[in-house]
file entry.cif (mmCIF, C-alpha atoms)
data_entry
loop_
_atom_site.label_atom_id
_atom_site.label_comp_id
_atom_site.auth_asym_id
_atom_site.auth_seq_id
_atom_site.Cartn_x
_atom_site.Cartn_y
_atom_site.Cartn_z
CA MET H 1 -61.57 -4.84 28.62
CA THR H 2 -64.21 -4.79 31.32
CA MET H 3 -62.52 -3.68 34.51
CA PRO H 4 -63.80 -4.63 37.98
CA HIS H 5 -66.82 -2.87 39.39
CA PRO H 6 -65.83 0.40 41.20
CA ARG H 7 -66.53 -1.18 44.56
CA ILE H 8 -64.23 -4.09 43.71
CA THR H 9 -61.65 -1.58 42.52
CA ALA H 10 -61.74 0.16 45.89
CA ILE H 11 -61.29 -3.11 47.70
CA LEU H 12 -58.34 -4.03 45.48
CA THR H 13 -56.77 -0.63 46.03
CA PHE H 14 -56.67 -1.41 49.71
CA SER H 15 -55.12 -4.85 49.17
CA LEU H 16 -58.39 -6.75 49.27
CA ALA H 17 -58.90 -5.58 52.83
CA GLY H 18 -62.15 -7.41 53.48
CA SER H 19 -60.95 -10.82 52.35
CA LEU H 20 -57.45 -10.51 53.82
CA HIS H 21 -58.49 -9.28 57.29
CA LEU H 22 -55.74 -6.65 57.24
CA GLN H 23 -54.47 -5.58 60.64
CA GLY H 24 -52.42 -2.72 62.05
CA ALA H 25 -50.69 0.05 60.10
CA GLY H 26 -47.17 0.98 58.98
CA PRO H 27 -46.10 4.24 57.34
CA GLU H 28 -43.05 3.00 55.40
CA VAL H 29 -42.22 0.31 52.87
CA LYS H 30 -40.00 -2.11 54.74
CA GLU H 31 -38.72 -5.32 53.21
CA THR H 32 -39.72 -8.38 55.18
CA ALA H 33 -36.81 -10.34 56.61
CA PHE H 34 -36.85 -14.11 56.37
CA GLU H 35 -34.49 -17.09 56.63
CA PHE H 36 -35.25 -19.65 53.96
CA ARG H 37 -33.89 -22.53 56.02
CA LYS H 38 -36.22 -21.84 58.96
CA PRO H 39 -40.01 -21.97 59.46
CA PRO H 40 -42.30 -21.27 57.75
CA HIS H 41 -40.13 -22.04 54.70
CA ASN H 42 -38.06 -25.03 55.86
CA TYR H 43 -36.18 -25.18 52.56
CA LEU H 44 -33.76 -27.93 53.59
CA THR H 45 -36.49 -30.35 54.75
CA HIS H 46 -39.05 -29.43 52.09
CA GLU H 47 -39.91 -32.40 49.88
CA ALA H 48 -38.90 -31.15 46.46
CA ARG H 49 -41.53 -31.29 43.71
CA ASP H 50 -39.48 -29.86 40.88
CA ARG H 51 -39.05 -31.43 37.44
CA PHE H 52 -35.75 -33.12 38.31
CA ALA H 53 -37.17 -34.57 41.54
CA GLY H 54 -39.83 -36.25 39.42
CA LEU H 55 -37.20 -37.64 37.06
CA LEU H 56 -35.11 -38.87 39.98
CA LYS H 57 -37.96 -41.08 41.16
CA LYS H 58 -38.21 -42.60 37.68
CA LEU H 59 -34.46 -43.16 37.55
CA ASN H 60 -34.47 -44.88 40.93
CA SER H 61 -37.39 -47.11 39.93
CA GLY H 62 -35.83 -48.02 36.58
CA GLU H 63 -38.71 -46.46 34.63
CA VAL H 64 -36.22 -44.15 32.91
CA ARG H 65 -32.62 -45.00 32.01
CA LEU H 66 -29.89 -42.61 30.94
CA ASP H 67 -27.14 -43.36 28.43
CA THR H 68 -23.89 -43.69 30.38
CA ALA H 69 -21.65 -44.62 27.45
CA ASP H 70 -19.73 -41.35 27.74
CA ASP H 71 -20.14 -37.79 29.01
CA LYS H 72 -21.83 -36.42 25.87
CA ALA H 73 -24.22 -39.34 25.55
CA PHE H 74 -25.11 -39.03 29.22
CA LEU H 75 -25.72 -35.29 28.93
CA ALA H 76 -27.86 -35.66 25.80
CA SER H 77 -30.02 -38.36 27.37
CA LEU H 78 -30.46 -36.32 30.55
CA LEU H 79 -31.57 -33.27 28.56
CA SER H 80 -34.06 -35.40 26.64
CA ALA H 81 -35.46 -36.88 29.86
CA LEU H 82 -35.95 -33.37 31.27
CA ASP H 83 -37.41 -31.95 28.03
CA VAL H 84 -34.55 -29.45 27.87
CA PRO H 85 -33.64 -28.66 24.24
CA VAL H 86 -30.02 -29.14 23.20
CA SER H 87 -30.47 -26.05 21.01
CA SER H 88 -30.71 -23.90 24.15
CA GLN H 89 -26.95 -24.29 24.69
CA ILE H 90 -25.08 -21.19 25.83
CA LEU H 91 -21.41 -21.15 26.81
CA VAL H 92 -19.75 -19.31 29.69
CA PHE H 93 -15.99 -19.32 30.33
CA SER H 94 -15.67 -17.25 33.51
CA ALA H 95 -14.80 -19.29 36.60
CA SER H 96 -18.17 -19.90 38.22
CA SER H 97 -20.26 -22.64 39.83
CA LEU H 98 -18.95 -25.37 42.11
CA GLN H 99 -16.52 -26.35 39.36
CA SER H 100 -14.84 -22.96 38.99
CA GLU H 101 -11.37 -24.50 39.14
CA ILE H 102 -11.83 -26.17 35.72
CA ILE H 103 -13.85 -23.45 33.93
CA ASN H 104 -11.85 -20.97 31.83
CA PRO H 105 -11.50 -19.81 28.19
CA ARG H 106 -9.92 -23.20 27.35
CA ASN H 107 -12.77 -25.17 28.94
CA PRO H 108 -16.11 -23.32 28.96
CA ARG H 109 -19.19 -24.48 30.79
CA ALA H 110 -22.30 -25.26 28.74
CA LEU H 111 -25.75 -24.33 30.05
CA TYR H 112 -29.08 -25.70 28.79
CA PHE H 113 -32.56 -24.73 29.95
CA ASN H 114 -36.31 -24.92 29.57
CA GLU H 115 -38.88 -22.88 31.49
CA ASP H 116 -38.11 -24.45 34.89
CA THR H 117 -34.87 -26.46 34.67
CA TYR H 118 -31.24 -25.44 34.09
CA VAL H 119 -28.47 -27.94 33.34
CA GLY H 120 -24.73 -27.21 33.45
CA PHE H 121 -21.95 -29.33 31.93
CA VAL H 122 -18.18 -28.82 32.10
CA PRO H 123 -16.00 -31.14 29.99
CA GLY H 124 -13.91 -33.21 32.37
CA GLY H 125 -16.23 -32.30 35.22
CA LYS H 126 -19.68 -33.04 36.56
CA VAL H 127 -23.22 -32.37 35.41
CA GLU H 128 -25.15 -29.89 37.58
CA VAL H 129 -28.90 -29.28 37.62
CA ILE H 130 -30.89 -26.38 39.04
CA SER H 131 -34.58 -27.27 39.01
CA MET H 132 -37.27 -24.85 40.16
CA ASP H 133 -39.57 -26.18 42.87
CA PRO H 134 -43.04 -24.60 42.41
CA THR H 135 -43.07 -23.08 45.92
CA HIS H 136 -39.47 -23.13 47.23
CA ALA H 137 -37.40 -21.89 44.26
CA ALA H 138 -34.12 -23.35 43.07
CA ILE H 139 -33.17 -26.88 44.11
CA PHE H 140 -29.54 -27.78 43.38
CA TYR H 141 -28.37 -31.23 42.26
CA ILE H 142 -25.01 -32.56 41.14
CA PHE H 143 -24.00 -35.85 39.52
CA ASP H 144 -20.76 -37.64 40.27
CA ARG H 145 -18.50 -38.35 37.30
CA LEU H 146 -19.36 -41.36 35.18
CA ARG H 147 -17.75 -44.54 36.49
CA PRO H 148 -15.77 -46.99 34.33
CA GLY H 149 -18.10 -49.79 33.35
CA GLY H 150 -21.19 -47.60 33.23
CA GLY H 151 -24.08 -47.31 35.63
CA LEU H 152 -25.92 -44.24 36.81
CA PRO H 153 -23.57 -41.95 38.74
CA ALA H 154 -24.50 -40.92 42.27
CA ILE H 155 -26.74 -37.85 42.54
CA ALA H 156 -26.69 -35.46 45.49
CA ARG H 157 -28.93 -32.54 46.41
CA SER H 158 -26.30 -29.90 47.01
CA ASP H 159 -26.31 -27.36 49.84
CA LYS H 160 -22.97 -25.78 48.84
CA CYS H 161 -24.43 -23.22 46.44
CA PHE H 162 -26.04 -20.83 48.91
CA ASN H 163 -23.16 -18.35 49.30
CA CYS H 164 -23.80 -17.20 45.73
CA HIS H 165 -27.26 -18.53 44.91
CA ALA H 166 -29.03 -17.34 48.06
CA GLY H 167 -27.31 -14.02 48.72
CA ASN H 168 -27.70 -10.43 47.59
CA ALA H 169 -27.88 -11.40 43.91
CA THR H 170 -31.11 -13.33 44.50
CA ARG H 171 -32.46 -11.30 47.44
CA ARG H 172 -31.68 -14.13 49.88
CA VAL H 173 -33.84 -16.67 48.07
CA PRO H 174 -32.32 -19.81 46.48
CA GLY H 175 -32.23 -18.50 42.94
CA LEU H 176 -30.45 -18.03 39.63
CA ILE H 177 -27.41 -15.94 38.75
CA ALA H 178 -25.77 -14.51 35.64
CA GLU H 179 -22.82 -12.12 35.74
CA SER H 180 -20.84 -10.17 33.18
CA LEU H 181 -17.10 -9.77 33.61
CA LEU H 182 -13.76 -9.94 31.81
CA PRO H 183 -12.03 -13.27 32.55
CA MET H 184 -8.32 -14.00 32.39
CA ALA H 185 -6.94 -17.25 30.98
CA SER H 186 -7.51 -18.80 34.42
CA GLY H 187 -11.19 -17.81 34.37
CA ALA H 188 -10.76 -15.32 37.22
CA SER H 189 -12.11 -11.82 36.56
CA LEU H 190 -10.26 -8.60 35.77
CA GLU H 191 -13.27 -6.32 35.31
CA THR H 192 -16.92 -6.57 36.30
CA TYR H 193 -19.65 -5.05 34.14
CA ARG H 194 -22.69 -6.14 36.14
CA ARG H 195 -23.31 -8.25 39.22
CA ASP H 196 -26.14 -9.00 41.66
CA GLU H 197 -28.82 -8.21 39.09
CA GLN H 198 -30.68 -10.26 36.52
CA GLY H 199 -33.38 -9.44 34.01
CA HIS H 200 -34.32 -8.22 30.56
CA HIS H 201 -33.92 -4.59 31.64
CA ILE H 202 -30.11 -4.76 31.75
CA PRO H 203 -28.65 -2.96 28.69
CA LEU H 204 -27.03 -5.35 26.25
CA ASP H 205 -23.74 -3.47 26.42
CA GLN H 206 -23.47 -4.50 30.08
CA ARG H 207 -24.09 -8.21 29.42
CA PHE H 208 -22.15 -11.15 27.95
CA GLY H 209 -18.76 -10.56 29.59
CA GLY H 210 -17.27 -14.03 30.07
CA TRP H 211 -19.83 -15.57 27.70
CA HIS H 212 -19.51 -16.81 24.16
CA LEU H 213 -21.96 -15.28 21.74
CA THR H 214 -22.73 -16.59 18.26
CA GLY H 215 -25.35 -16.04 15.60
CA GLY H 216 -26.83 -12.87 14.15
CA HIS H 217 -26.65 -10.65 17.21
CA HIS H 218 -25.74 -7.46 15.30
CA LEU H 219 -24.07 -5.97 18.39
CA THR H 220 -21.50 -3.40 17.31
CA SER H 221 -19.93 -3.29 20.77
CA THR H 222 -20.00 -6.23 23.16
CA HIS H 223 -18.09 -7.80 26.03
CA ALA H 224 -18.72 -11.28 24.59
CA ASN H 225 -15.93 -13.49 23.23
CA LEU H 226 -13.19 -11.50 24.99
CA MET H 227 -10.58 -12.35 27.62
CA GLY H 228 -7.94 -10.31 29.42
CA VAL H 229 -4.19 -10.86 29.01
CA ALA H 230 -1.67 -9.21 31.31
CA THR H 231 0.97 -6.93 29.75
CA THR H 232 4.53 -6.25 30.87
CA ALA H 233 3.44 -2.82 32.13
CA GLY H 234 1.17 -4.37 34.72
CA GLN H 235 -1.94 -3.60 32.68
CA PHE H 236 -4.02 -5.94 30.54
CA ASP H 237 -5.24 -6.15 26.97
CA LYS H 238 -8.53 -7.49 25.73
CA VAL H 239 -8.06 -10.23 23.15
CA PRO H 240 -10.54 -12.39 21.22
CA ALA H 241 -11.73 -15.66 22.76
CA GLU H 242 -13.94 -17.06 20.02
CA PRO H 243 -15.81 -20.37 20.48
CA GLY H 244 -13.43 -23.23 19.68
CA GLN H 245 -10.40 -20.97 19.38
CA MET H 246 -8.65 -22.47 22.41
CA TRP H 247 -10.57 -25.71 22.90
CA ASP H 248 -11.96 -28.63 20.95
CA ILE H 249 -15.47 -27.52 20.11
CA ASN H 250 -16.53 -31.15 19.72
CA ARG H 251 -16.30 -31.59 23.49
CA HIS H 252 -19.70 -29.89 23.64
CA LEU H 253 -22.97 -30.98 22.06
CA LEU H 254 -23.09 -27.94 19.75
CA PRO H 255 -20.60 -25.35 18.46
CA THR H 256 -22.99 -22.49 19.27
CA SER H 257 -23.95 -20.04 22.01
CA ASP H 258 -26.69 -18.23 20.15
CA ILE H 259 -27.90 -14.73 21.03
CA LEU H 260 -31.57 -15.74 21.37
CA PRO H 261 -31.19 -18.39 24.11
CA ASN H 262 -28.84 -15.97 25.88
CA LEU H 263 -31.56 -13.30 25.93
CA LEU H 264 -34.37 -15.66 26.95
CA HIS H 265 -32.20 -17.17 29.68
CA GLU H 266 -31.73 -13.65 31.09
CA HIS H 267 -35.47 -12.97 30.97
CA GLN H 268 -36.25 -16.18 32.82
CA LEU H 269 -33.66 -15.54 35.53
CA GLY H 270 -35.17 -12.13 36.22
CA PHE H 271 -38.70 -13.57 36.31
CA GLU H 272 -37.91 -16.52 38.58
CA ASN H 273 -35.92 -14.49 41.09
CA ARG H 274 -38.67 -11.88 41.38
CA VAL H 275 -41.46 -14.43 41.65
CA PHE H 276 -39.75 -16.52 44.29
CA HIS H 277 -38.71 -13.52 46.35
CA ALA H 278 -42.40 -12.59 46.34
CA ALA H 279 -43.34 -16.17 47.30
CA TYR H 280 -41.03 -16.21 50.31
CA VAL H 281 -42.12 -12.75 51.48
CA MET H 282 -45.80 -13.66 51.22
CA ARG H 283 -45.29 -16.95 53.06
CA GLN H 284 -43.46 -15.13 55.85
CA LEU H 285 -46.08 -12.37 56.11
CA LEU H 286 -48.98 -14.81 56.19
CA ALA H 287 -47.23 -16.95 58.79
CA ASP H 288 -46.45 -13.91 60.94
CA GLY H 289 -50.08 -12.83 60.63
CA ARG H 290 -51.38 -16.34 61.41
CA GLY H 291 -52.97 -16.69 58.02
CA THR H 292 -53.87 -13.04 57.45
CA LEU H 293 -51.94 -10.23 55.83
CA PRO H 294 -51.29 -7.36 58.27
CA PHE H 295 -52.32 -3.89 57.14
CA SER H 296 -48.74 -2.85 57.91
CA ALA H 297 -47.70 -5.04 54.95
CA LYS H 298 -49.87 -3.16 52.45
CA ALA H 299 -47.07 -0.96 51.10
CA GLU H 300 -44.73 -3.90 50.61
CA PHE H 301 -47.52 -5.95 49.02
CA GLU H 302 -48.18 -3.12 46.55
CA LYS H 303 -44.47 -2.69 45.80
CA ILE H 304 -44.08 -6.39 45.01
CA ALA H 305 -47.17 -6.37 42.78
CA ASP H 306 -45.90 -3.28 40.95
CA GLU H 307 -42.51 -4.88 40.32
CA LEU H 308 -44.03 -8.10 39.02
CA ALA H 309 -46.48 -6.30 36.72
CA ARG H 310 -43.68 -4.18 35.23
CA TYR H 311 -41.53 -7.23 34.62
CA ILE H 312 -44.29 -9.35 33.13
CA LEU H 313 -45.24 -6.58 30.67
CA PHE H 314 -41.60 -5.88 29.70
CA THR H 315 -42.02 -2.27 30.78
CA ASP H 316 -38.26 -1.72 31.17
CA GLU H 317 -37.00 -4.09 28.46
CA ALA H 318 -33.56 -3.19 27.12
CA ALA H 319 -33.41 -2.17 23.49
CA LEU H 320 -32.23 -4.64 20.88
CA PRO H 321 -29.64 -3.54 18.28
CA ARG H 322 -31.01 -1.33 15.52
CA ALA H 323 -30.81 -4.22 13.08
CA GLY H 324 -32.60 -6.52 15.51
CA ILE H 325 -31.31 -10.04 16.11
CA GLU H 326 -31.49 -13.32 14.21
CA GLY H 327 -32.32 -16.32 16.38
CA ASP H 328 -31.05 -19.81 15.67
CA PRO H 329 -33.87 -21.59 13.72
CA ALA H 330 -33.40 -24.85 15.62
CA PHE H 331 -33.82 -23.11 18.96
CA MET H 332 -36.78 -21.07 17.71
CA LYS H 333 -38.53 -24.30 16.73
CA ASP H 334 -37.75 -25.93 20.10
CA PHE H 335 -38.83 -22.83 22.00
CA ALA H 336 -42.23 -22.91 20.27
CA ARG H 337 -42.80 -26.61 21.07
CA ASN H 338 -45.22 -25.78 23.93
CA ARG H 339 -46.64 -22.59 22.44
CA LYS H 340 -50.20 -21.88 23.68
CA PRO H 341 -52.17 -20.11 20.94
CA ALA H 342 -55.47 -18.29 21.36
CA ARG H 343 -58.26 -18.87 18.82
CA SER H 344 -56.72 -16.09 16.73
CA GLY H 345 -53.54 -18.16 16.43
CA LEU H 346 -51.55 -15.60 18.46
CA ALA H 347 -49.45 -16.66 21.46
CA LEU H 348 -47.19 -15.13 24.09
CA LYS H 349 -44.23 -17.06 22.66
CA ASP H 350 -44.48 -15.32 19.28
CA LEU H 351 -41.08 -13.70 18.68
CA ASP H 352 -40.49 -10.23 17.26
CA LEU H 353 -36.65 -9.87 17.35
CA LYS H 354 -36.72 -6.55 15.49
CA SER H 355 -37.11 -3.94 18.21
CA ARG H 356 -38.01 -6.26 21.10
CA LEU H 357 -38.03 -9.93 22.03
CA PHE H 358 -41.77 -10.66 21.68
CA LYS H 359 -44.65 -9.50 19.52
CA HIS H 360 -47.02 -9.59 22.51
CA ARG H 361 -45.28 -8.22 25.59
CA ALA H 362 -46.57 -10.37 28.42
CA SER H 363 -44.24 -13.06 29.69
CA TYR H 364 -44.78 -16.68 28.68
CA MET H 365 -43.46 -17.51 32.17
CA LEU H 366 -47.01 -16.87 33.44
CA TYR H 367 -47.73 -20.48 32.42
CA THR H 368 -45.12 -21.88 34.82
CA GLU H 369 -45.98 -23.54 38.11
CA SER H 370 -43.83 -21.00 39.94
CA TRP H 371 -46.28 -18.28 38.90
CA GLN H 372 -49.41 -20.39 39.30
CA LYS H 373 -48.41 -21.38 42.86
CA LEU H 374 -48.08 -17.80 44.11
CA PRO H 375 -50.80 -16.85 46.62
CA ALA H 376 -53.98 -16.00 44.72
CA MET H 377 -54.28 -12.60 46.42
CA LEU H 378 -50.92 -11.53 44.99
CA ARG H 379 -51.57 -12.90 41.51
CA GLU H 380 -54.93 -11.13 41.38
CA ARG H 381 -53.33 -7.85 42.43
CA VAL H 382 -50.71 -8.21 39.71
CA TYR H 383 -53.40 -9.00 37.14
CA TYR H 384 -55.25 -5.86 38.21
CA LYS H 385 -52.14 -3.72 37.71
CA MET H 386 -51.56 -5.37 34.35
CA ALA H 387 -55.17 -4.63 33.37
CA GLU H 388 -54.66 -0.98 34.29
CA GLY H 389 -51.68 -0.88 31.95
CA LEU H 390 -53.52 -2.68 29.16
CA ARG H 391 -56.42 -0.21 29.02
CA GLU H 392 -56.91 1.30 25.58
CA GLN H 393 -57.34 4.80 27.01
CA ASN H 394 -55.42 6.44 29.85
CA PRO H 395 -53.35 3.34 30.64
CA ALA H 396 -51.27 3.15 33.77
CA PRO H 397 -47.52 3.70 33.17
CA VAL H 398 -46.84 -0.04 33.40
CA GLY H 399 -48.45 -0.46 29.97
CA ALA H 400 -47.87 2.93 28.36
CA HIS H 401 -45.18 1.47 26.06
CA ILE H 402 -47.62 -0.98 24.42
CA PRO H 403 -49.71 0.13 21.41
CA VAL H 404 -53.46 -0.52 21.40
CA GLN H 405 -53.48 -3.41 18.91
CA GLU H 406 -50.83 -5.23 20.90
CA LYS H 407 -52.83 -4.65 24.09
CA LEU H 408 -55.91 -6.19 22.49
CA ALA H 409 -53.85 -9.20 21.43
CA ILE H 410 -52.34 -9.65 24.89
CA ARG H 411 -55.73 -9.42 26.59
CA SER H 412 -57.30 -12.02 24.31
CA ILE H 413 -54.34 -14.40 24.60
CA LEU H 414 -54.39 -14.23 28.38
CA LYS H 415 -58.16 -14.62 28.59
CA GLU H 416 -58.19 -17.70 26.36
CA THR H 417 -55.01 -19.50 27.44
CA LEU H 418 -53.99 -18.58 30.99
CA PRO H 419 -55.38 -20.69 33.87
CA GLY H 420 -56.58 -18.87 36.96
CA LEU H 421 -57.25 -15.50 35.37
CA PRO H 422 -59.81 -13.59 37.47
CA SER H 423 -63.45 -13.73 36.38
CA TRP H 424 -63.52 -9.95 35.83
CA TRP H 425 -60.82 -10.22 33.10
CA ARG H 426 -63.06 -9.77 30.06
#
call {"tool": "encode", "arguments": {"input": "entry.cif", "output": "structure tokens"}}
result
Amino acid sequence: MTMPHPRITAILTFSLAGSLHLQGAGPEVKETAFEFRKPPHNYLTHEARDRFAGLLKKLNSGEVRLDTADDKAFLASLLSALDVPVSSQILVFSASSLQSEIINPRNPRALYFNEDTYVGFVPGGKVEVISMDPTHAAIFYIFDRLRPGGGLPAIARSDKCFNCHAGNATRRVPGLIAESLLPMASGASLETYRRDEQGHHIPLDQRFGGWHLTGGHHLTSTHANLMGVATTAGQFDKVPAEPGQMWDINRHLLPTSDILPNLLHEHQLGFENRVFHAAYVMRQLLADGRGTLPFSAKAEFEKIADELARYILFTDEAALPRAGIEGDPAFMKDFARNRKPARSGLALKDLDLKSRLFKHRASYMLYTESWQKLPAMLRERVYYKMAEGLREQNPAPVGAHIPVQEKLAIRSILKETLPGLPSWWR
């Protein structure tokens, strides 16, 4: 790879000082405070441009119609309209979401997702949608229950999710959450294994509590498919809660909660939350600086770029089981539907599943609008840090885990398929 000219390197090292008109100085890394409801963000009055907002316009105009014959038909038609594969289904039975009162081991919630949209369905409840706006993060929608006689149920943009979805777990940005805990029969938790953190770095033995897990996961010890039952001594036992054991599995579209969509869901949550935290911080800094980035923000700017580069290159990815995993073939096919191959035929979505998730460790989420809409100065800085890690000799630590042949593959894939890559990326 041809790296930038030394002079360009020096400019980048100082956060593109000439082009950003950096001002002032600050000795410590301090996290920028912001309120997403207030200027310059104005989340509540922002005109949403997420995938579901686009579908909503088509529903209101009659261009698209959903099947309202029954709950399952409605859900399937909604997923199809949003290009969300049914095969992405994962099941969670801990009491969570706005419908926590009806979610438990006897009535799990199903989640479905693509790269920017997440759909939740609880039998006997409502359909929820979290759709990622390219600049303002998660937008929350909820459908009313289907009415007798059919017709599209009312749809509301919900503002009741912020206590959980815009708190510490998402760094005060409207974002995405996954937890791991031991539920009781009621769905309430007895033990917590991880909270307020999302991403592919979390060890697998800390995940899946309160979730069903099916397929060839090869985990010898897991919190999945377990619930807590109180004993007469005031303690509790852990007992199996297998999919369909306590509920009619036909109430959901599929009988599965495969390991592979579970793992990719976790990766995406970690990516989106980091990217949108960066987006809000940058918008606040640029607004405070009246369009320029203060020199006092340099350390924070560098910290954000470092974090994003590490995540994109899977630097801290948790190890898979020794035997690897076996993904559901139907989901693997659906996941590859929008694969973007280079001339070599290689693509970022190529799965490994032996020792790691992907053959080429650079996130496919780089193709999303959420990444492409980040300020160019931040994206270029992240690309520079990635390039340092993808050097064949003396790579920066962010890429030290990647062998040379894989680096060459990643560089060529990015150069040939990723829009907006800097001109010096050769």
call {"tool": "resolve_selection", "arguments": {"input": "entry.cif", "expression": "the PyMOL selection byres ((chain H and resi 266-280) around 9)", "output": "PyMOL selection string"}}
result
chain H and resi 34+36+41+115-116+132+134-138+170-178+197-201+261-265+281-285+301+304-305+307-308+311-312+363+365+370-371+373-375+378
call {"tool": "atom_distance", "arguments": {"input": "entry.cif", "atom1": "atom CA of Tyr193 of chain H", "atom2": "atom CA of His212 of chain H"}}
result
15.4 Å
call {"tool": "resolve_selection", "arguments": {"input": "entry.cif", "expression": "the PyMOL selection byres ((chain H and resi 310) around 10)", "output": "list in words"}}
result
Ala305, Asp306, Glu307, Leu308, Ala309, Tyr311, Ile312, Leu313, Phe314, Thr315, Asp316, Glu317, Ala362, Val382, Lys385, Met386, Gly389, Pro397, Val398 and Gly399 of chain H
call {"tool": "closest_residue", "arguments": {"input": "entry.cif", "among": "H:Asp67, H:Asp133, H:Arg145, H:Phe162", "to": "Ser97 of chain H", "atoms": "all atoms listed in the file"}}
result
H:Phe162
call {"tool": "residues_around", "arguments": {"input": "entry.cif", "residues": "Pro123 of chain H", "least_positions_apart": "4", "cutoff": "8 Å", "atoms": "all atoms listed in the file", "output": "list in words"}}
result
Asp71, Asn107, Pro108, Arg109, Arg251 and His252 of chain H
call {"tool": "atom_distance", "arguments": {"input": "entry.cif", "atom1": "atom CA of Val29 of chain H", "atom2": "atom CA of Asn163 of chain H"}}
result
26.9 Å
call {"tool": "atom_distance", "arguments": {"input": "entry.cif", "atom1": "atom CA of Ile103 of chain H", "atom2": "atom CA of Phe121 of chain H"}}
result
10.2 Å
call {"tool": "resolve_selection", "arguments": {"input": "entry.cif", "expression": "the PyMOL selection byres ((chain H and resi 231-238) around 12)", "output": "list in words"}}
result
Leu181, Leu182, Pro183, Met184, Ala185, Ser189, Leu190, Glu191, Gly209, Gly210, Thr222, His223, Ala224, Asn225, Leu226, Met227, Gly228, Val229, Ala230, Val239, Pro240 and Ala241 of chain H
call {"tool": "write_last_selection", "arguments": {"input": "entry.cif", "atoms": "C-alpha atoms", "output": "short mmCIF file (atom, residue, chain, number, x, y, z; two decimals), keeping the file's coordinate frame"}}
result
data_model
loop_
_atom_site.label_atom_id
_atom_site.label_comp_id
_atom_site.auth_asym_id
_atom_site.auth_seq_id
_atom_site.Cartn_x
_atom_site.Cartn_y
_atom_site.Cartn_z
CA LEU H 181 -17.10 -9.77 33.61
CA LEU H 182 -13.76 -9.94 31.81
CA PRO H 183 -12.03 -13.27 32.55
CA MET H 184 -8.32 -14.00 32.39
CA ALA H 185 -6.94 -17.25 30.98
CA SER H 189 -12.11 -11.82 36.56
CA LEU H 190 -10.26 -8.60 35.77
CA GLU H 191 -13.27 -6.32 35.31
CA GLY H 209 -18.76 -10.56 29.59
CA GLY H 210 -17.27 -14.03 30.07
CA THR H 222 -20.00 -6.23 23.16
CA HIS H 223 -18.09 -7.80 26.03
CA ALA H 224 -18.72 -11.28 24.59
CA ASN H 225 -15.93 -13.49 23.23
CA LEU H 226 -13.19 -11.50 24.99
CA MET H 227 -10.58 -12.35 27.62
CA GLY H 228 -7.94 -10.31 29.42
CA VAL H 229 -4.19 -10.86 29.01
CA ALA H 230 -1.67 -9.21 31.31
CA VAL H 239 -8.06 -10.23 23.15
CA PRO H 240 -10.54 -12.39 21.22
CA ALA H 241 -11.73 -15.66 22.76
#
call {"tool": "decode", "arguments": {"input": "entry.cif", "residues": "segment 29-52 of chain H", "atoms": "C-alpha atoms", "output": "PDB file, in the first residue's frame"}}
result
ATOM      1  CA  VAL H  29      -8.921  13.713  26.858  1.00  0.00           C
ATOM      2  CA  LYS H  30     -12.350  14.871  27.958  1.00  0.00           C
ATOM      3  CA  GLU H  31     -15.545  13.419  26.562  1.00  0.00           C
ATOM      4  CA  THR H  32     -17.770  16.016  24.966  1.00  0.00           C
ATOM      5  CA  ALA H  33     -21.136  16.439  26.646  1.00  0.00           C
ATOM      6  CA  PHE H  34     -24.228  16.753  24.493  1.00  0.00           C
ATOM      7  CA  GLU H  35     -28.009  16.469  24.741  1.00  0.00           C
ATOM      8  CA  PHE H  36     -29.433  14.683  21.728  1.00  0.00           C
ATOM      9  CA  ARG H  37     -32.801  16.421  22.016  1.00  0.00           C
ATOM     10  CA  LYS H  38     -31.284  19.914  21.840  1.00  0.00           C
ATOM     11  CA  PRO H  39     -29.382  21.883  19.166  1.00  0.00           C
ATOM     12  CA  PRO H  40     -27.363  21.137  17.157  1.00  0.00           C
ATOM     13  CA  HIS H  41     -28.849  17.615  17.121  1.00  0.00           C
ATOM     14  CA  ASN H  42     -32.592  18.264  17.514  1.00  0.00           C
ATOM     15  CA  TYR H  43     -33.376  14.542  17.502  1.00  0.00           C
ATOM     16  CA  LEU H  44     -37.096  14.904  18.225  1.00  0.00           C
ATOM     17  CA  THR H  45     -37.750  17.361  15.371  1.00  0.00           C
ATOM     18  CA  HIS H  46     -35.295  15.818  12.902  1.00  0.00           C
ATOM     19  CA  GLU H  47     -37.052  14.564   9.772  1.00  0.00           C
ATOM     20  CA  ALA H  48     -36.189  10.889   9.815  1.00  0.00           C
ATOM     21  CA  ARG H  49     -34.567   9.439   6.690  1.00  0.00           C
ATOM     22  CA  ASP H  50     -34.177   5.862   7.839  1.00  0.00           C
ATOM     23  CA  ARG H  51     -35.344   2.785   5.926  1.00  0.00           C
ATOM     24  CA  PHE H  52     -38.639   2.507   7.823  1.00  0.00           C
TER      25      PHE H  52
END
